[in-house]
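Report on the structure given below.
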Amino acid sequence: MCGIYGHIKKGSKTNSAIACIDGLKRLEYRGYDSAGIAGIHQGKIVSYKTVGKVRTLDRVVQDNNLDLKMAIAHTRWATHGSITELNAHPHFDEEKALALVHNGIIENYQKIKKTLTSAGIKFISETDTEVISHLISFHYNGDIAKAVEKTLPELEGSFAIALIHKDHPDRILVATRGCPLAIGVCHDSKDIYISSDSNAFTGRSLDVFYLHDDEYAVVTEATIEVYNMAGIKLTKSLEVLNLEEKFISKDGYEHFLLKEIHEQPLSVERALHGRLDFKNGTANFEELSLSDDLLKKTTRILILACGSSYHAGCIAKQIFESLAKIPTEVEIASEFRYRNPIILENTLVIAISQSGETADTLAAVKEAKRSNSPVIALCNVKRSSLSRLAKSTLWLNAGPEISVCSTKAFTSQLSLLMLLALKIARTKDLDLAGGKAFLSHIENLGKQISAVISKAPEFKLLASKYASFKQFFFIGRNYMYPTCLEAALKLKEISYINASGYPAGEMKHGPIALISKDLATVAFCGNVHTFDKLLSNLMEIKSRGGPILAFAPEGYNEILGITDDVIFLPKQISDPFAPIPYSIAGQLFAYYIAILLGTDIDQPRNLAKSVTVE
Ligand code: F6R
């Protein structure tokens, strides 16, 4: 994972150290375990590393008045080696002649380390990254580009690297395989910017290009030369990027998470905006380059995603099957890529990723593309790697999601998936009236979301009753089952409480053994079709002394006699639409519990917003 940033000053007055810190702050979503920076001063590598967030490094850089004309920097999500200063990047060779930052994983690092150790080279960190520094140094013979070129074929795994060498104080070398790396030249100052994500170039107007796999570049203030692994010089076409500086604030909310939960009436509206076609009872996507004919021919759908995006896919599966009548499989991307998946003809692949940078999802899509199936991506972050892989990208338009825990992106994904299901269903058997009815439910979602959010004080109150439980079950049926998976993930992620999402009817096949007065069950009763069945499952839990909190549709008062507590949510008109309001209920519940437990809500421990390693 991790974020890489680099800067070479040309025409601006910008201190490269400050430019890098600014860039790292924008890349912190890629990890925040430690941060580090390096430059060259008076012929020597100068470097600072700190454990924790970028703001700690920022203070150190300022306290030391670090002033550089060229710098590389890194924010880390630990993979190999604990969260210590020694394991923080940059990593050096023995003489500290070079400094290197790395995003990715070197899979054969142990083998390389063994070879280098037997050649007498001493390692000081536990990281896989350090082998790259020593290996480049091992191959170095005065020509740093050649040393990099010799090193790359020996590395297995994924990487984006940036390095500097004290003998070549005018250049940064960068290389990549399987990890994004963008290089930009500022229109005004001609300063050079390097980043794991071009969105971190915000506030500038630049000419940008991306390095492709197994390419490396030698970047100086005057030239950018790109080569392939064979040392052949390549020509790159530039893309003009004008990224306005958008100041993203909490708008008075205590956390980004709470702000983003509250934004959902608007973010869902933005997901739907311009896409509802009432006249034809369907949805229209400007960005969709797949013909209606191709959609009509689709006989299978394969959804690939991770985490919350996977849960959105699980809910969508039920909609694709019930509305469009297309058999749909949902695969956890990290599992899909390592089995021999069978992708039949006329399969439509849908990849869901807020960031568009999740390594597992990207790899799964590459695997799926081998079958020549068309890939539609659902992404929130513009210019992401996934959008470059897919045939068409449908944009969530949720606006930047800053909190690591996904909320508004999830409900936007669901909104878009519903529209896509409708569009495909209309190319098949769904009639105009059916299409129109579906649209009218979708249009009603904004009101439902606002109604759930207006109940925030009730969630807060009940959170104080349930925050002391160390274990939770979230149970529901049909559409509510994957909604429960998502709600359990929210609680785990931000409150660090163990929670499991489970199909209510499955409890009796084992998990009910866990029920006791110390385990709380949260029942998601939004699937009206199976409400009575769920009541029986809740009775079984009640009889065994398990405390139960229910989220149930208004008017379904039978629940009152069974559960300890109930929060009534807007009455559901149709089950497929319930996951959106009910998942917001789960978000609010998790948020208020986390508040009481005093966790780091926007940046929970051990997590990163964008998971760019396997
Ligand atoms: C949970 C969460 C993660 C992400 C997952 C996939 O709140 O945010 O589970 O959903 O890491 O990320 P994307 O959607 O960016 O591929």
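Ligands are numbered from 1 in the order shown, chains are lettered A, B, ... in the order of the structure tokens, and residues start at 1 in each chain.
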Got a sec: who's within 7 Å of region 68-84 of chain A, counting only C-alpha atoms, leaving out chain neighbours fewer than 3 positions off, as a PyMOL selection string?
chain A and resi 1-9+15-17+20+24+28+30-39+51+87-89+101+126-128+162
Please, which residues have at least one atom within 6 Å of an atom of ligand 1, using only C-alpha atoms and all ligand atoms, listed as a list of chain:residue names?
A:Cys306, A:Gly307, A:Ser308, A:Ser309, A:Ser353, A:Gln354, A:Ser355, A:Gly356, A:Thr358, A:Val404, A:Cys405, A:Ser406, A:Lys490, A:Ser610, A:Val611
Restricted to N, CA and C atoms, what would the selected residues look like written as a PDB file, in the first residue's frame?
```pdb
ATOM      1  N   CYS A 306     -14.323  -5.847  -3.231  1.00  0.00           N
ATOM      2  CA  CYS A 306     -13.820  -6.172  -1.888  1.00  0.00           C
ATOM      3  C   CYS A 306     -14.565  -5.344  -0.842  1.00  0.00           C
ATOM      4  N   GLY A 307     -14.582  -5.837   0.377  1.00  0.00           N
ATOM      5  CA  GLY A 307     -15.084  -5.073   1.521  1.00  0.00           C
ATOM      6  C   GLY A 307     -16.509  -4.582   1.327  1.00  0.00           C
ATOM      7  N   SER A 308     -16.732  -3.318   1.638  1.00  0.00           N
ATOM      8  CA  SER A 308     -18.073  -2.754   1.518  1.00  0.00           C
ATOM      9  C   SER A 308     -18.574  -2.836   0.079  1.00  0.00           C
ATOM     10  N   SER A 309     -17.664  -2.650  -0.854  1.00  0.00           N
ATOM     11  CA  SER A 309     -18.068  -2.706  -2.270  1.00  0.00           C
ATOM     12  C   SER A 309     -18.581  -4.112  -2.607  1.00  0.00           C
ATOM     13  N   SER A 353     -15.581  -0.441  -7.047  1.00  0.00           N
ATOM     14  CA  SER A 353     -14.503   0.035  -6.165  1.00  0.00           C
ATOM     15  C   SER A 353     -14.602   1.541  -6.007  1.00  0.00           C
ATOM     16  N   GLN A 354     -14.786   1.979  -4.771  1.00  0.00           N
ATOM     17  CA  GLN A 354     -14.836   3.420  -4.503  1.00  0.00           C
ATOM     18  C   GLN A 354     -13.575   4.084  -5.021  1.00  0.00           C
ATOM     19  N   SER A 355     -12.434   3.533  -4.599  1.00  0.00           N
ATOM     20  CA  SER A 355     -11.149   4.161  -4.923  1.00  0.00           C
ATOM     21  C   SER A 355     -10.705   3.868  -6.348  1.00  0.00           C
ATOM     22  N   GLY A 356     -11.104   2.713  -6.853  1.00  0.00           N
ATOM     23  CA  GLY A 356     -10.609   2.289  -8.172  1.00  0.00           C
ATOM     24  C   GLY A 356      -9.146   1.881  -8.122  1.00  0.00           C
ATOM     25  N   THR A 358      -8.039  -0.574  -5.561  1.00  0.00           N
ATOM     26  CA  THR A 358      -7.884  -1.776  -4.748  1.00  0.00           C
ATOM     27  C   THR A 358      -7.157  -2.861  -5.553  1.00  0.00           C
ATOM     28  N   VAL A 404     -12.074   6.778   6.358  1.00  0.00           N
ATOM     29  CA  VAL A 404     -11.629   5.477   5.841  1.00  0.00           C
ATOM     30  C   VAL A 404     -12.813   4.514   5.721  1.00  0.00           C
ATOM     31  N   CYS A 405     -13.713   4.606   6.670  1.00  0.00           N
ATOM     32  CA  CYS A 405     -14.894   3.735   6.679  1.00  0.00           C
ATOM     33  C   CYS A 405     -15.902   4.252   5.631  1.00  0.00           C
ATOM     34  N   SER A 406     -16.259   3.390   4.725  1.00  0.00           N
ATOM     35  CA  SER A 406     -17.107   3.820   3.613  1.00  0.00           C
ATOM     36  C   SER A 406     -18.581   3.939   4.036  1.00  0.00           C
ATOM     37  N   LYS A 490     -19.017  -2.201   9.547  1.00  0.00           N
ATOM     38  CA  LYS A 490     -18.910  -0.819  10.057  1.00  0.00           C
ATOM     39  C   LYS A 490     -18.542  -0.838  11.535  1.00  0.00           C
ATOM     40  N   SER A 610      -7.357   3.163   0.826  1.00  0.00           N
ATOM     41  CA  SER A 610      -7.179   2.507  -0.459  1.00  0.00           C
ATOM     42  C   SER A 610      -6.183   1.367  -0.268  1.00  0.00           C
ATOM     43  N   VAL A 611      -6.623   0.150  -0.562  1.00  0.00           N
ATOM     44  CA  VAL A 611      -5.798  -1.016  -0.244  1.00  0.00           C
ATOM     45  C   VAL A 611      -5.057  -1.452  -1.505  1.00  0.00           C
TER      46      VAL A 611
END
```
Interface rows for region 107-223 of chain A against region 375-393 of chain A: nearest pair, Å to one decimal, 9 Å, only C-alpha atoms, as a tab-separated table:
```
residue	atom	partner	partner_atom	distance
A:Cys179	CA	A:Ser385	CA	8.9
A:Pro180	CA	A:Ser385	CA	7.1
A:Asp197	CA	A:Ser384	CA	8.0
A:Ser198	CA	A:Arg383	CA	7.7
A:Asn199	CA	A:Arg383	CA	7.9
```
Compile the contact shell of Glu345 (chain A) as a list of chain:residue names: residues with an atom at most 10 Å away, counting only C-alpha atoms, same-chain residues fewer than 5 positions apart removed.
A:Lys297, A:Thr298, A:Thr299, A:Arg300, A:Ser371, A:Asn372, A:Ser373
Output of the above residues as a PDB file, in the first residue's frame, restricted to N, CA, C and O atoms:
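result-v6.pdb, written as the output of this step:
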```pdb
ATOM      1  N   LYS A 297     -28.049  -9.249 -24.639  1.00  0.00           N
ATOM      2  CA  LYS A 297     -27.479 -10.597 -24.859  1.00  0.00           C
ATOM      3  C   LYS A 297     -26.855 -11.175 -23.581  1.00  0.00           C
ATOM      4  O   LYS A 297     -26.469 -12.347 -23.540  1.00  0.00           O
ATOM      5  N   THR A 298     -26.719 -10.318 -22.557  1.00  0.00           N
ATOM      6  CA  THR A 298     -26.051 -10.782 -21.331  1.00  0.00           C
ATOM      7  C   THR A 298     -26.846 -11.904 -20.675  1.00  0.00           C
ATOM      8  O   THR A 298     -28.039 -11.747 -20.397  1.00  0.00           O
ATOM      9  N   THR A 299     -26.170 -13.021 -20.462  1.00  0.00           N
ATOM     10  CA  THR A 299     -26.871 -14.134 -19.807  1.00  0.00           C
ATOM     11  C   THR A 299     -26.347 -14.404 -18.405  1.00  0.00           C
ATOM     12  O   THR A 299     -26.925 -15.172 -17.650  1.00  0.00           O
ATOM     13  N   ARG A 300     -25.191 -13.796 -18.070  1.00  0.00           N
ATOM     14  CA  ARG A 300     -24.648 -13.951 -16.708  1.00  0.00           C
ATOM     15  C   ARG A 300     -23.978 -12.642 -16.310  1.00  0.00           C
ATOM     16  O   ARG A 300     -23.429 -11.927 -17.159  1.00  0.00           O
ATOM     17  N   SER A 371     -11.088 -13.342 -20.529  1.00  0.00           N
ATOM     18  CA  SER A 371     -12.188 -14.038 -21.204  1.00  0.00           C
ATOM     19  C   SER A 371     -12.859 -13.137 -22.239  1.00  0.00           C
ATOM     20  O   SER A 371     -13.852 -13.520 -22.855  1.00  0.00           O
ATOM     21  N   ASN A 372     -12.324 -11.920 -22.373  1.00  0.00           N
ATOM     22  CA  ASN A 372     -12.881 -10.932 -23.318  1.00  0.00           C
ATOM     23  C   ASN A 372     -14.263 -10.435 -22.939  1.00  0.00           C
ATOM     24  O   ASN A 372     -14.953  -9.844 -23.762  1.00  0.00           O
ATOM     25  N   SER A 373     -14.690 -10.686 -21.715  1.00  0.00           N
ATOM     26  CA  SER A 373     -16.000 -10.161 -21.293  1.00  0.00           C
ATOM     27  C   SER A 373     -15.896  -8.653 -21.103  1.00  0.00           C
ATOM     28  O   SER A 373     -14.880  -8.151 -20.643  1.00  0.00           O
TER      29      SER A 373
END
```
Which of region 245-405 of chain A end up as helix (DSSP H, G or I) when DSSP is run on this backbone - answer as a ChimeraX atom specification?
/A:256-262,264-272,292-297,307-324,333-336,359-369,385-389
From the DSSP assignment of the backbone, select every residue of region 244-396 of chain A that is strand (DSSP E or B), and format the answer as a VMD selection string.
chain A and resid 276 to 277 282 to 283 300 to 305 328 to 332 347 to 353 375 to 379 392 to 395
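You will find CA of Ala324 (chain A) at 22.0 Å from CA of Gly526 (chain A).
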Show me, as a PyMOL selection string, the residues that have an atom within 12 Å of Glu486 (chain A) when counting only C-alpha atoms, minus same-chain residues fewer than 6 positions from it.
chain A and resi 306-315+405-407+410-411+473-476+479-480+492-493+499-502+524+579-580+582-587+590
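Excluding region 241-256 of chain A and any residue on its chain fewer than 4 positions from it, the residues at most 6 Å away by only C-alpha atoms are Thr202, Gly203, Arg204, Ser205, Leu206, Glu260 and Ser403 of chain A.
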Those selected residues, please, written with N, CA and C atoms and delivered as a PDB file, in the first residue's frame.
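For reference, result.pdb as written:
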```pdb
ATOM      1  N   THR A 202      -3.725  18.154  -6.789  1.00  0.00           N
ATOM      2  CA  THR A 202      -4.782  19.172  -6.679  1.00  0.00           C
ATOM      3  C   THR A 202      -4.233  20.572  -6.482  1.00  0.00           C
ATOM      4  N   GLY A 203      -4.910  21.521  -7.117  1.00  0.00           N
ATOM      5  CA  GLY A 203      -4.527  22.921  -6.938  1.00  0.00           C
ATOM      6  C   GLY A 203      -3.557  23.375  -8.009  1.00  0.00           C
ATOM      7  N   ARG A 204      -3.249  22.482  -8.941  1.00  0.00           N
ATOM      8  CA  ARG A 204      -2.291  22.848  -9.984  1.00  0.00           C
ATOM      9  C   ARG A 204      -2.827  22.470 -11.356  1.00  0.00           C
ATOM     10  N   SER A 205      -2.181  23.081 -12.331  1.00  0.00           N
ATOM     11  CA  SER A 205      -2.493  22.705 -13.691  1.00  0.00           C
ATOM     12  C   SER A 205      -1.216  22.073 -14.241  1.00  0.00           C
ATOM     13  N   LEU A 206      -1.309  20.830 -14.683  1.00  0.00           N
ATOM     14  CA  LEU A 206      -0.092  20.111 -15.088  1.00  0.00           C
ATOM     15  C   LEU A 206      -0.304  19.275 -16.347  1.00  0.00           C
ATOM     16  N   GLU A 260     -20.195  12.557   6.310  1.00  0.00           N
ATOM     17  CA  GLU A 260     -20.486  11.765   5.112  1.00  0.00           C
ATOM     18  C   GLU A 260     -21.790  10.966   5.271  1.00  0.00           C
ATOM     19  N   SER A 403     -13.399   9.824   5.194  1.00  0.00           N
ATOM     20  CA  SER A 403     -13.351   8.834   6.265  1.00  0.00           C
ATOM     21  C   SER A 403     -12.958   7.482   5.668  1.00  0.00           C
TER      22      SER A 403
END
```
May I have the residues within 7 Å of region 440-450 of chain A as a list in words, using only C-alpha atoms and disregarding those fewer than 4 positions away in the same chain?
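Counting only the stated atoms, we get Pro265, Glu269, Lys436, Ser454, Pro570 and Pro581 of chain A.
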Given the choices A:Glu221, A:Ile132, A:Phe159, A:Lys366, which gets closest to Ser189 (chain A) if the distance is worked out from only C-alpha atoms?
A:Glu221
Who sits within 12 Å of Ile112 (chain A), only C-alpha atoms, same chain under 2 positions skipped, as a ChimeraX atom specification:
/A:106-110,114-119,121,123,128-136,138,151,154-156
Between CA of Phe568 (chain A) and CA of Asp518 (chain A), what is the spacing in Å?
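CA of Phe568 (chain A) lies at a distance of 24.1 Å from CA of Asp518 (chain A).
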Let me make sure I understand: among A:Val349, A:Ile541, A:Leu258, A:Ala19, which one has the smallest atom-to-atom distance to Ala456 (chain A) if we use only C-alpha atoms?
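Ranking A:Val349, A:Ile541, A:Leu258, A:Ala19 by distance to Ala456 (chain A), first place goes to A:Leu258.
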Identify which of the residues A:Ala409, A:Leu272, A:Leu66, A:Ala594 lies closest to Phe285 (chain A), counting only C-alpha atoms when measuring atom-to-atom distances.
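For Phe285 (chain A), the nearest of the candidates is A:Leu272.
Proximity to Phe320 (chain A) was assessed for A:Arg337, A:Lys259, A:His41, A:Lys428 counting only C-alpha atoms; the smallest distance is recorded for A:Lys428.
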